[in-house]
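Participant: Below is the structure I would like to discuss, written out as structure tokens.
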Amino acid sequence: MAQIAMETYIRQRQLIMSPLITSHVIGENEPLTSVFNKVIAAKEVNHKGQGLWVSLKLLPGDLAQVQKDFSHLVDRSTAVARKMGFPEIILPGDIRNDIYVTLIQGDFDKGKKKTPKNVEVTMSVHDEDGNLQEKAIQPGAGYEGVSEYKSVVYYQVKQPCWYETVKVAIAIEEVSRCHLRFTFRHRSSQESRDRSERAFGVGFVKLMNADGTTLQDGKHNLIVYKGDNKKMEDAKSYLTLPCTKMEMEEKEAPSGKNLHPLANFTPTKDSTKDSFQIATVICSTKLTQNVDLLGLLNWRSNSHNIAHNLRKLMEVEGGEIVKFLPDTLDALFNIMMEMSENETYDFLVFDALVFIISLIGDIKFQHFNAVLETYIYKHFSATLAYVKLTKVLNCYVGNAEDSSKTELLFAALKALKYLFRFIVQSRVLYLSVYGKSEDGNEFNDAIRQLFLSFNVLMDRPLEEAVKIKGAALKYLPSIINDVKLVFDPVELSVLFSKFIQSIPDNQLVRQKLNCLTKIVESDLFRQAECRDALLPLLIDQLSGQLDDNSSKPDHEASSQLLSSVLEVLDRKDVGATALHIQLMMERLLRRINRTVIGMSRQSPHMAIFVACMTAILRQMDDFHYSHYINTFKTRQDIIDFLMETFIMFKDLIGKNVYAADWMVMNMMQSRVFLRAVNQFTSVLNRFFLDQTSFELQLWNNYFHLAVAFLTHESLQLETFSQAKRSKIIKKYGDMRKEIGFKIRDMWYNLGPHKIKFIPAMVGPILEVTLVPEPELRKATIPIFFDMMQCEFNFSGNRNFHMFENELITKLDQEVEGGRGDEQYKVLLEKLLLEHCRKHKYLAAPGEVFALLVSSLLENLLDYRTIMHDESKENRMSCTVNVLRDTFCVCSQQELKEKLYQEIISFFDRGKMWEKAIELSKELADMYENKVFDYEGIGDLLKKRATFYENIMKAMRPQPEYFAVGYYGQGFPSFLRNKIFIYRGKEYERREDFNLKLLTQFPSAEKMTSTAPPAEEIKASPKQCIFWVFGAFWSTPELPLPHNKAAANSSDDKGGYYRANEVQQFTHSRPVRKGEKDPDNEFANMWIERTTYTTAYSFPGILKWFEVKHVTTEEISPLENAIETMELTNEKITNIVQQHMWDRSLPVHPLSMLLNGIVDPAMPLLAEGIRIHGEKLTEQLKPLHERLTSCFRELRRKVEKQYGVITLPSLQTKLSTLEPLLEKRISTSSRNEELPVKDDGDNRISKLKRKEWSISKSQVIVEKEPETELTSKMGTAGKAQRPKSLQLGDNRLTLHSSSLQQPTCSPPPITPKTPRTQSVPSLQADGLATPPPPPPKSKPYESSTPRNSVEEKAVQCLYCFFFFQVGVMLSLVRKKVAPPLPSRREAKPPPPPPKTRKSSVVSSEQGLQPNPLVNQGLAPQ
């Protein structure tokens, strides 16, 4: 604890002693103000965390507003410190009487002391009797007053500087009697001595000077008087002495002599070395410091100095004058009235009055205008002042050529408004006292004389007194509202007209127009009689400015004057205006129109001129329109006027002059234009409609104007909110319907002239009909039929092709621009069909056209809807639909060649090299036989070679196909209640396709069933998507073209024709009939197979096509099993052949396939297992052993139930392939012998493999066309069924795009074609020997041909075993693979040698081949 106490003591001592250290003392021997200034000026102060922290906040507004808005910060107790001095703007009624005194510094002799004195100054306020004024001193805002103020004491400073300010607040009437007294006293640091110290000096200053003025602002060096302390407290002892050194010097007192009987006082400047300085600021609205102003206010006491004081008044500071404004004005008018015998005073008073009025016009004192007006109307009482003032003013104006008085006249003109208010108020006071009979017309004559003087002044040459002329034009109109109270308004109007006419032309044009504007804005122009006198002058001046021949028109001043005139004429309280509007219309309307036409849209005056033109048209009634047309002398003048007006209106409508959101102005302009256009339509019908006087261009301009008006964006009410729309309709109505009905009537009025507007008016009328207003559409769409009928009757060709082409073209443009909707499509089709079907000749072509337009519009709307869709397929679909409704135009040769090249390039990028080859052949033919571009042929053949190589080498994954149905009214019309087949992307998964589809339609519901939807779903407003996912495989039941047969064989390395050129797709779903069999659940499980036929084959310009035909059939369980076996047969065939030709292929696919076949107890092929055993690895041994055991068990079961069938010998099978093998080997290499190697080395180089690779299916296709087999199958009553997938697997099957069965060639056997047919189906009228039947003991034995499904199932089972084993034995054990036959052969290969035993009979000999025998698989 002791240690803590010690540390606390040390810290306290450090704090106490730190100010005594020299380096830390800031204000030693310095006044406090100097310290403050240094701290404020310093950028950084090392305060070491010590100090007083103050926050400031600026509160806007005056004191009352701040107290209201910030009552939590400022209340009634908050101190308010007013400015030391008057503000920049002195508010009327702001009464102050504050005297601020600042103790600045002093210099005191130390006398007998060794050190300077510690001086304390005590300030007090006393009257002339020495009485102390209690609490007259306020040391700061918010403090209560004190009777004495004591200054700060500086320790031993000879020249202390205080800069301490206090406020002295005493009553105004006491100021002249009071003075400030300052006593000086030495303060001792010892309390006992300090009590004994007495004042050693006294100083004083009077608040009022001897001449009655208040103490001047500024510094005052006071005299420090020393003497008896008792005498110092006696005011009478020192008030007679000078208080300042300046006053003492002025009295020039002799040195060393006392001026007062008190011997203890030393008043001379040399008798003391002490001095004391103060500064004062007087803020008083009642006390003046100016002796001249004081002399004027007290003019009666010093009448001989009146002239001097009047002249000096104009040198007084403005703040002093406005403080005493009423008193000063009273003094001026009293001098004028009481000294009326001396005209000199009249001019001086006039000049002083002008000076005061000009002073109040200054922005610093502008708030005193209210004080001046209050004085004029409430305190001014000089009834004859108007006589003096008008006399002086007339004198000044009449002698304007006197340069010595130019400035006085100019100042008088600036003050003319308030001068005339004094004059008029004086006249009013006079009339109220004496009446009109006293002075006769003296006042009116004075006013007339004044205007006459002004007219003489304005008629002088421009160079002379131009400043005075401009001031007269600027300020003279300001007297109108006052003068007309005591002067005849009509005569005053005439005087102003003559005043304007006295100005020479082309001089002071802007000033003259501005003067007229002020006259119009005055009360004078609101009286009809006065307008009669002024309006012709105004129109003359405006006509000169707006005339076409005007060199430098002042558009700004003219527009202001014009708008002011029209604003007054539009008022309801200004009397009759019809004749005045007629005069404006006749003289100015066309000039204004031409001004608007010729003015740039960027001109700042454009808007106001358009508003003026609108105002004139708005104020014109029907009589004015009719009268105006009659004012034109010739027919051509009317045409010119209407053409100008129509063009101007259309231009103003197309380019908004006013902001789009300025609804009131735009609506007002539209309403006025509409009324004007409707008025002018009667002129068109009356003068320009008959055969001899028809004006095509005029009518054309009218129609285009009306259409532009109707389609203007500001009139499209659908774009506004409901509240805004209701307000517009209530106030202005739907102007579109009004102008639309007028367009319809004017069109039908044309009669035989209609043909002149076809096809030019088709587009504009289409714009009108597309406006989304039902009544307007119903009224205007029939115009289309009228155009069709008109062209049909008058064109001579008895058609309406011009109208048709124009409508289709414009419809495309308008819909693309955002116009049109579904309701318009329906209404357009309905109305056109109604009118066309009633017409004798247009019924058929009109109906075709109506349906075509409806279809085109539907596709255009779909395209517009989906244009910004993220789905490229949707956009492309709508684009194709639109293109199909348009006409194609043949291109030029160069364009055609470029298009060919681009298409081939795109086919190449899309890996559709077969298509690219077809087009390249067409282009090569053109190069060779038409343009002879052999270099181009070379390049083309190089590309084609690349395409062939890509077909053989490049991998092309087969796409999947998806069927999607869109049901519900929520979808766009091009999707609604339709089914589409989609071609998936490469490797596109079902989940990705699903996500993409749902992303396009996030609100769509996915249908869980693949059954067709009910009608309720189709009619509902929802979005329901039905889809079928899965892999889709081509099933070319119908033969492909001959040049594609090889590609569709099992060696179709490009894989193109396996999933392309297809148009039919099947989807199978299981349907159970009857109760479920517990022993065999597949016994009553039928297959419902739906076949979809698309509008176009895949691939096409789109990745999806609409389904046009849908058929459904049911497949029995047995038939489905047969097809399933055929599919499995095909899969095994393909993979065995691949392993046969390429020994390097991995064995894993074969393992998986065999495992998948054995697991469900399907027949397993011994040869396949043998191949699997040859390529066995350690990892596959367990699998191989399981496969072998399963096969043995299954073979035992099959032989037990169906018997044993012996396979054909190996030699028999090889004999079928040997001729082709020899042929292919010889064509590939004549001198090369292919060695036979062991199984382990049985590999062929990649180069030769490419050359020799051929599938067994190719051999069969080339050897055995089966024309009669196909025909037989057709006569059996049922064509070959497409293969289905396994039961319950939702997949679609592709069909060939060829829709007709060719009779000239049979379908080639391809990997997609079933290679096992039932034996009875292969018999052809006994020409071919069927294979022997199975043993008689079996339940299906029969000696006659069997066509039942059961027989087909048994036969397929046999074929499944025998075919697979035979194929694998014959192909795997053959050491050398046959080479690939040349694709250039256009005819099939020759038949095998006759020495070979074969049951193959050429189709040319009319024999039906047996496929089983061909393959070496017929049972023996």
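Residues are named by chain letter and number: chains run A, B, ... in the order of the structure tokens, numbers start at 1 in each chain, and ligands are numbered from 1 in the order shown.
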From segment 897-1137 of chain A, collect each residue whose DSSP state is strand (DSSP E or B) and return the set as a count of residues only.
Facilitator: 60
Participant: Show which residues sit within 9 Å of Asp292 of chain A, as a PyMOL selection string. Count only C-alpha atoms, and ignore same-chain residues fewer than 2 positions away.
Facilitator: chain A and resi 290+294-297+308-310+312-313+315-316
Participant: How far is it from atom CA of Phe1026 of chain A to atom CA of Val1071 of chain A, in Å with one decimal?
Facilitator: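 It comes out at 18.4 Å.
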Participant: For segment 769-786 of chain A, list every protein, DNA or RNA residue within 7 Å, evaluated using only C-alpha atoms, and leave out those in the same chain fewer than 4 positions away; present the list as a list in words.
Facilitator: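 Returned residues: Lys737, Gly740, Phe741, Arg744, Ile765, Cys790, Arg819, Gly820, Leu828, Leu831, Leu832 and His835 of chain A.
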Participant: Would you mind listing, for every residue of segment 429-522 of chain A within 10 Å of segment 368-385 of chain A, the two atoms forming the shortest contact and the distance between them in Å to one decimal, using only C-alpha atoms, sorted by chain and ascending residue number, as CSV?
Facilitator:
residue,atom,partner,partner_atom,distance
A:Leu429,CA,A:Thr383,CA,5.4
A:Tyr430,CA,A:Thr383,CA,4.9
A:Leu431,CA,A:Thr383,CA,8.6
A:Ser432,CA,A:Thr383,CA,9.4
A:Val433,CA,A:Thr383,CA,8.5
A:Tyr434,CA,A:Thr383,CA,9.7
Participant: Residues near segment 583-596 of chain A, anyone? I mean within 8 Å using only C-alpha atoms, not counting same-chain ones fewer than 3 positions away, as a ChimeraX atom specification.
Facilitator: /A:539,542-543,546-548,579-580,599,606,609-610,613,616,628,631,641,644-645,648
Participant: Which residues in segment 717-964 of chain A does DSSP call alpha helix (DSSP H)? List them as a ChimeraX atom specification.
Facilitator: /A:722-731,735-749,762-769,774-780,782-794,801-816,822-838,843-866,872-884,893-909,913-926,934-953
Participant: Near Leu833 of chain A, within 7 Å and counting only C-alpha atoms, which residues show up once chain neighbours fewer than 3 positions away are dropped, as a PyMOL selection string?
Facilitator: chain A and resi 829-830+836-837+847+850
Participant: Can you list, as a list of chain:residue names, every protein, DNA or RNA residue that comes within 10 Å of segment 686-693 of chain A when you count only C-alpha atoms, leaving out same-chain residues fewer than 6 positions away?
Facilitator: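 Residues near the query, excluding close chain neighbours: A:Arg635, A:Ile638, A:Ile639, A:Phe680, A:Trp699, A:Asn749, A:Leu750, A:Gly751, A:Pro752, A:His753.
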Participant: When you look at Ala576 of chain A with a cut-off of 12 Å (counting only C-alpha atoms), what residues show up, excluding the ones that are within fewer than 5 positions of it in the same chain? I need them as a ChimeraX atom specification.
Facilitator: /A:526-532,568-571,581-582
Participant: Do you have the atom CA of Ile1087 of chain A-atom CA of Thr1066 of chain A distance handy?
Facilitator: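 A separation of 11.6 Å between them.
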Participant: Rounded to one decimal, what separation in Å do you get between atom CA of Ser303 of chain A and atom CA of Glu320 of chain A?
Facilitator: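 Value for the atom CA of Ser303 of chain A-atom CA of Glu320 of chain A distance: 21.7 Å.
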